[in-house]
Amino acid sequence: MPHQVALTVSAPIKPGATADMKRLLEEMSAAGACNPVIPFARLRATHFARLQVVDGTSGADTLLLMLDCDAPGDEQLRDFVNVAGAGLDQVFGRCEGYPATPATPDQRLRYLRSRMRGSEVVYVHHVGRSLQQIQREEQLRQAIRHFLDDTNDLAGQSAIEARATIQAFVDSQRDLAWARSEAPAPGWRFRLTEGARKFGIPAALLLLAPVVIPAAVIAFLALRLQEIRAPEVDVEVDRERLRAIRDTEDYGIQNAITTVAAVKPGRFWRLTAPVFTAAAAYSTRHVFTRGSLAGLRTVHFARLMELNDGRMMFTSYYDGSLESYMDDFVDLVAWVLNTGFGNQEGYPTTRWLFWEGANQERGFKAFLRGHQIPTHVWYSAYPKLSAANVDNNAEIRAGLYGDLDPDEVQAWLRLL
Amino acid sequence: MAPTLEVHDMQGLIARGYRDLRAACYVLLAVADPNLARSWLADTIAEVTTAVSRPEGDALNIAFTRSGLEQLGLPADSVSRFSPEFVEGMTTLHRQRILGDIDESAPERWVWGGPETPRIDLVLMLFASDYAALDGLRDRHASRFAASGLQEVRTLETNEDLDGLEHFGFRDGVSQPTIEGLRFTDRPENTLKAGEFILGYENAYGVSGEPIPAPLADAGDLGRNGTYVVFRQLEQDVLRFWRATADVAQEVYGASDRATQVRVAAKMVGRWPSGAPLVRAPHEDIPAFAGVNDFAYHDEDRHGLACPMGAHVRRANPRDSLDPQPGSEQSVAAANHHRIIRRGREYGVGLPEPVRHGEQAPSPEHQGERGLYFIALNADIARQFEFVQHMWVNNPTFIGLYDEPDPLVGPGVNTFTVQAQPVARRSERMPRFVSVRGGAYFFMPGIQALRQLAHGATARS
């Protein structure tokens, strides 16, 4: 099974075309996953997608197309061009450098490729779980659940007997034949390079310890000095603007968020920005890869990206409301946020980076809300499933035929 | 160290539900003449029940909507300093989604507080030891409304005769948070900072919030000793509820006798009719456990075999069951950031048990609407009431469930799972039993703030 890739196409919008662009995106958003411009629901291996306008500070406004999809990325880009067809002309036709419309499929693909850029930090809820796997495992759970709803035979059975009955049911279903094998892991080449990176970076740091440790000590002391000197900056929260954004949220169990914030002013923050980014990139890429962000199981995909003008853009798809998303960070894993956002303007003051910061409820909420911008169009391939549901489904599939002891069998039955 | 609470400046409903004042009504009023209304308020302040001691004979409390504050002449830059939820009101499109106020519960169909009904500026809450006394109290106030520039929009009458039960037949209001330093002490995990419920005090995060400036210079903080009041009229369809329990009983347990129906209903609620929690009384009602409230879910029933994961009380206050470390102090603390004080009362004629269970036909006096005036107090409507309603009660994926909102009060419920061995049983036949008929967010000011609001009159005249 493939790993996941974060694709971004970034295109400057032609002068004066932003309002029209936003109107078009609004129509697409209202029409949903099957909208006639880009019917996202037909994408084969894209988990989440979005189209996003970011107003420029001095230069042009930017249109961003962001896909979180299964590797190989280029295949999904081609799929996207194919699904979007002439709709792509409608959207990107308002951007600089787009060929004369109607463009040919080749021209469209070439344009998107030419505008590709990377993301500094990428979080994937569970690395290696493909869209097909997620969809199939939900199909499996529903099939088993309906079978259980319709049968009364299980009432007197032991756990082991009950599991055998369920196995026999799945055996009898031809369209569930795939469930008899384990979910495939990402390709060996991917695992090899990720493994090399995961251990190589700490190893390199260790080798460079004589340099790295004194540098880190100096950096932390300098950081502490910044923290002590830093004035508390209140982020201006424009209630009308926020209310308009809020009106686009909470239609289902999942939400999308976008924030844009500048890095704190001053030489210290400018110099250390790459370190912040690298640390966040390492932990999301190599530590939080198996279904949780330091214990939180509510985020499907998230990214941190440096915009052309140096501001940092954060995007995420998460379960529940913004209020609950923020509360999780405030109450449970403030330190994770501190390390990712602590150098952004308006962030509540941290203490030695890991302490305070996000656990200052009002300051943190004002920071996030104050920097929130609308997510114009976004799409989820599994809008009714929470990340916890997706994990649970994977466990159902994993335990269906495995060797389990009686306690494990009982635990497995509880997943259903 | 608990702060000293200025109980003389707080309205009494914060400290007490006045349970021994069995009769109550809520008079919804609109301001017709601001000047007269301010003088009325100035005259009435002396009658407002404070939190100092238990009231004898009767009690009176007052709370305002945003338009009420505006009518009294509070300038826009003061009004805008109240919380966004209060300023925007209960019926924005976004709130309709998160509160579940859609379909039958849509504000367009409300009998008060909706877009189609007259504006509500304030609520006068009256309590008395019996209905004769309440009538006297109400008449005395009502006779002054016209001359006081007030217009009675609607009076919400309560019903005292349900013996501490709500209309479905369950004891209600067992679990309440205790305010630190207010009246009595409680287990630490149920004792919350005053600022969680009363403005102007330190909350769970150690901050006391921004003051709301009064229009007059040096007049202090209008928010101080006040609280936000969530008021909702919730109609209960009692017959539909008990009919549905019969269907679910058949599906889940293969029997639909009355005992099994009660068992299913208890599984939906999470407590037995007596109030005994299923966590402690898993198999049958144990009336001796009626007031038991010192239990934990993850610790005692982590798989929901006694109290289903989706049961109403387990959602409304998950106690120790939140991720990422259920069972930990951190989990309890996180859940405690979303508590509310409940001060609701029932309305409408109660149905006798045989009628509830379909053993006796309802008679003409059983006609009409019945339900609960849900009244909740909190300091942060978004973090407390709205969060509970949206993320726990209405959330179809609460605590790992699939497509399953609250079985008792959720909107358009269809699935209810009863965890069991060897496998969980499910019902997909759950209709909606509770619908919203009206509602508004109010602010219940402290006594000093009431004086400020009334003062506008003298300042202007």
# chains A, B, ... in the order shown; residues from 1 in each chain; ligands from 1
$ interface_residues --of "chain A" --to "chain B" --cutoff "7 Å" --atoms "only C-alpha atoms" --output "list of chain:residue names"
A:Asp149, A:Gln157, A:Ser158, A:Ala159, A:Ala162, A:Arg246, A:Asp247, A:Asp250, A:Tyr251, A:Gly295, A:Leu296, A:Gly320, A:Glu323, A:Asp331, A:Gln360, A:Glu361, A:Ser386, A:Ala388, A:Asn389, A:Leu413, A:Arg414
$ select_by_dssp --residues "range 42-159 of chain B" --states "alpha helix (DSSP H)" --output "PyMOL selection string"
chain B and resi 42-44+66-71+76-79+84-88+93-99+131-145
$ write_last_selection --atoms "N, CA and C atoms" --output "tab-separated table (two decimals), in the first residue's frame"
chain	number	residue	atom	x	y	z
B	42	ALA	N	-34.86	49.94	39.02
B	42	ALA	CA	-34.32	50.54	40.24
B	42	ALA	C	-35.18	50.18	41.45
B	43	ASP	N	-36.49	50.19	41.26
B	43	ASP	CA	-37.40	49.86	42.36
B	43	ASP	C	-37.39	48.38	42.70
B	44	THR	N	-37.11	47.55	41.73
B	44	THR	CA	-37.24	46.10	41.91
B	44	THR	C	-35.97	45.49	42.51
B	66	ARG	N	-29.46	40.31	25.02
B	66	ARG	CA	-28.68	41.43	24.50
B	66	ARG	C	-29.59	42.61	24.20
B	67	SER	N	-30.75	42.33	23.57
B	67	SER	CA	-31.63	43.45	23.22
B	67	SER	C	-32.13	44.14	24.48
B	68	GLY	N	-32.27	43.38	25.56
B	68	GLY	CA	-32.69	43.97	26.82
B	68	GLY	C	-31.66	44.99	27.32
B	69	LEU	N	-30.39	44.61	27.24
B	69	LEU	CA	-29.33	45.54	27.66
B	69	LEU	C	-29.35	46.79	26.79
B	70	GLU	N	-29.57	46.58	25.49
B	70	GLU	CA	-29.62	47.71	24.56
B	70	GLU	C	-30.81	48.61	24.88
B	71	GLN	N	-31.96	47.98	25.14
B	71	GLN	CA	-33.17	48.75	25.45
B	71	GLN	C	-32.97	49.62	26.69
B	76	ALA	N	-23.42	50.61	22.78
B	76	ALA	CA	-22.98	49.47	21.96
B	76	ALA	C	-21.59	48.99	22.33
B	77	ASP	N	-20.68	49.90	22.71
B	77	ASP	CA	-19.33	49.42	23.00
B	77	ASP	C	-19.26	48.66	24.32
B	78	SER	N	-20.25	48.82	25.19
B	78	SER	CA	-20.32	47.96	26.37
B	78	SER	C	-20.97	46.63	26.02
B	79	VAL	N	-22.06	46.71	25.26
B	79	VAL	CA	-22.76	45.47	24.88
B	79	VAL	C	-21.82	44.53	24.14
B	84	PRO	N	-19.41	36.59	22.60
B	84	PRO	CA	-20.01	36.54	21.26
B	84	PRO	C	-21.30	35.71	21.22
B	85	GLU	N	-21.35	34.63	21.98
B	85	GLU	CA	-22.54	33.76	21.93
B	85	GLU	C	-23.74	34.54	22.42
B	86	PHE	N	-23.57	35.28	23.52
B	86	PHE	CA	-24.65	36.08	24.09
B	86	PHE	C	-25.05	37.20	23.13
B	87	VAL	N	-24.05	37.86	22.54
B	87	VAL	CA	-24.34	38.99	21.66
B	87	VAL	C	-25.05	38.51	20.39
B	88	GLU	N	-24.57	37.40	19.84
B	88	GLU	CA	-25.16	36.91	18.59
B	88	GLU	C	-26.50	36.21	18.82
B	93	LEU	N	-27.34	30.65	12.25
B	93	LEU	CA	-27.34	29.41	11.46
B	93	LEU	C	-26.32	28.41	12.01
B	94	HIS	N	-25.17	28.93	12.40
B	94	HIS	CA	-24.14	28.03	12.92
B	94	HIS	C	-24.62	27.37	14.21
B	95	ARG	N	-25.23	28.15	15.10
B	95	ARG	CA	-25.72	27.57	16.36
B	95	ARG	C	-26.84	26.56	16.12
B	96	GLN	N	-27.67	26.81	15.10
B	96	GLN	CA	-28.71	25.82	14.83
B	96	GLN	C	-28.09	24.46	14.55
B	97	ARG	N	-26.96	24.48	13.83
B	97	ARG	CA	-26.31	23.20	13.52
B	97	ARG	C	-25.69	22.59	14.75
B	98	ILE	N	-24.95	23.36	15.53
B	98	ILE	CA	-24.22	22.73	16.63
B	98	ILE	C	-25.15	22.37	17.79
B	99	LEU	N	-26.25	23.11	17.95
B	99	LEU	CA	-27.18	22.79	19.04
B	99	LEU	C	-28.20	21.75	18.61
B	131	TYR	N	-48.50	27.50	44.70
B	131	TYR	CA	-49.00	28.24	43.54
B	131	TYR	C	-49.89	29.41	43.93
B	132	ALA	N	-50.58	29.30	45.07
B	132	ALA	CA	-51.39	30.43	45.52
B	132	ALA	C	-50.47	31.62	45.80
B	133	ALA	N	-49.38	31.35	46.49
B	133	ALA	CA	-48.43	32.42	46.80
B	133	ALA	C	-47.79	32.95	45.53
B	134	LEU	N	-47.51	32.03	44.59
B	134	LEU	CA	-46.89	32.46	43.33
B	134	LEU	C	-47.83	33.38	42.56
B	135	ASP	N	-49.14	33.02	42.55
B	135	ASP	CA	-50.11	33.86	41.85
B	135	ASP	C	-50.11	35.27	42.43
B	136	GLY	N	-50.07	35.32	43.76
B	136	GLY	CA	-50.05	36.62	44.42
B	136	GLY	C	-48.82	37.43	44.01
B	137	LEU	N	-47.69	36.77	44.04
B	137	LEU	CA	-46.42	37.42	43.69
B	137	LEU	C	-46.45	37.91	42.24
B	138	ARG	N	-46.91	37.04	41.38
B	138	ARG	CA	-46.95	37.38	39.96
B	138	ARG	C	-47.90	38.54	39.69
B	139	ASP	N	-49.11	38.46	40.32
B	139	ASP	CA	-50.09	39.52	40.10
B	139	ASP	C	-49.54	40.87	40.55
B	140	ARG	N	-48.87	40.83	41.69
B	140	ARG	CA	-48.32	42.07	42.22
B	140	ARG	C	-47.34	42.69	41.20
B	141	HIS	N	-46.50	41.83	40.61
B	141	HIS	CA	-45.55	42.36	39.62
B	141	HIS	C	-46.24	42.73	38.32
B	142	ALA	N	-47.15	41.84	37.88
B	142	ALA	CA	-47.79	42.06	36.58
B	142	ALA	C	-48.58	43.36	36.58
B	143	SER	N	-49.16	43.70	37.73
B	143	SER	CA	-49.98	44.91	37.79
B	143	SER	C	-49.14	46.16	37.55
B	144	ARG	N	-47.83	46.04	37.71
B	144	ARG	CA	-46.96	47.20	37.52
B	144	ARG	C	-46.34	47.27	36.12
B	145	PHE	N	-46.48	46.18	35.35
B	145	PHE	CA	-45.76	46.14	34.06
B	145	PHE	C	-46.12	47.32	33.16
$ residues_around --residues "range 39-49 of chain A" --least-positions-apart "2" --cutoff "7 Å" --atoms "only C-alpha atoms" --output "VMD selection string"
chain A and resid 33 to 37 66 to 70 76 79 to 80 83 to 84 131 378 to 381
$ residues_around --residues "Gly128 in chain A" --least-positions-apart "6" --cutoff "6 Å" --atoms "only C-alpha atoms" --output "JSON, numbers by chain"
{"A": [2, 3, 186]}
$ residues_around --residues "Glu26 in chain A" --least-positions-apart "4" --cutoff "7 Å" --atoms "only C-alpha atoms" --output "list in words"
Lys22, Ala30 and His376 of chain A
$ write_last_selection --atoms "N, CA, C and O atoms" --output "compact mmCIF listing (two decimals), in the first residue's frame"
# COMPACT_ATOMS: atom_id res chain seq x y z
N LYS A 22 -13.16 34.02 -5.83
CA LYS A 22 -13.81 33.64 -4.58
C LYS A 22 -15.29 33.30 -4.81
O LYS A 22 -15.83 32.39 -4.18
N ALA A 30 -20.73 25.39 -2.19
CA ALA A 30 -22.15 25.17 -1.93
C ALA A 30 -22.64 23.91 -2.63
O ALA A 30 -23.53 23.21 -2.12
N HIS A 376 -11.84 28.00 1.47
CA HIS A 376 -12.90 28.26 0.49
C HIS A 376 -13.60 27.01 0.02
O HIS A 376 -14.81 26.91 0.04
$ closest_residue --among "B:Arg345, B:Arg154, B:Arg356, B:Arg314" --to "Arg19 in chain B" --atoms "only C-alpha atoms"
B:Arg345
$ atom_distance --atom1 "CA of Val264 in chain B" --atom2 "CA of Gly100 in chain B"
23.9 Å
$ residues_around --residues "Met125 in chain B" --least-positions-apart "5" --cutoff "8 Å" --atoms "only C-alpha atoms" --output "list in words"
Ala24, Cys25, Tyr26, Val27, Leu60, Asn61 and Ile62 of chain B
$ select_by_dssp --residues "range 162-285 of chain B" --states "strand (DSSP E)" --output "number ranges by chain"
B: 178-179, 191-192, 227-236
$ closest_residue --among "A:Thr350, A:Asn359, A:Thr18, A:Ser316" --to "Val333 in chain A" --atoms "only C-alpha atoms"
A:Asn359
$ residues_around --residues "range 133-139 of chain A" --least-positions-apart "2" --cutoff "7 Å" --atoms "only C-alpha atoms" --output "PyMOL selection string"
chain A and resi 129-131+141-143+390+393-394+397
$ atom_distance --atom1 "CA of Trp412 in chain A" --atom2 "CA of Phe295 in chain B"
26.6 Å
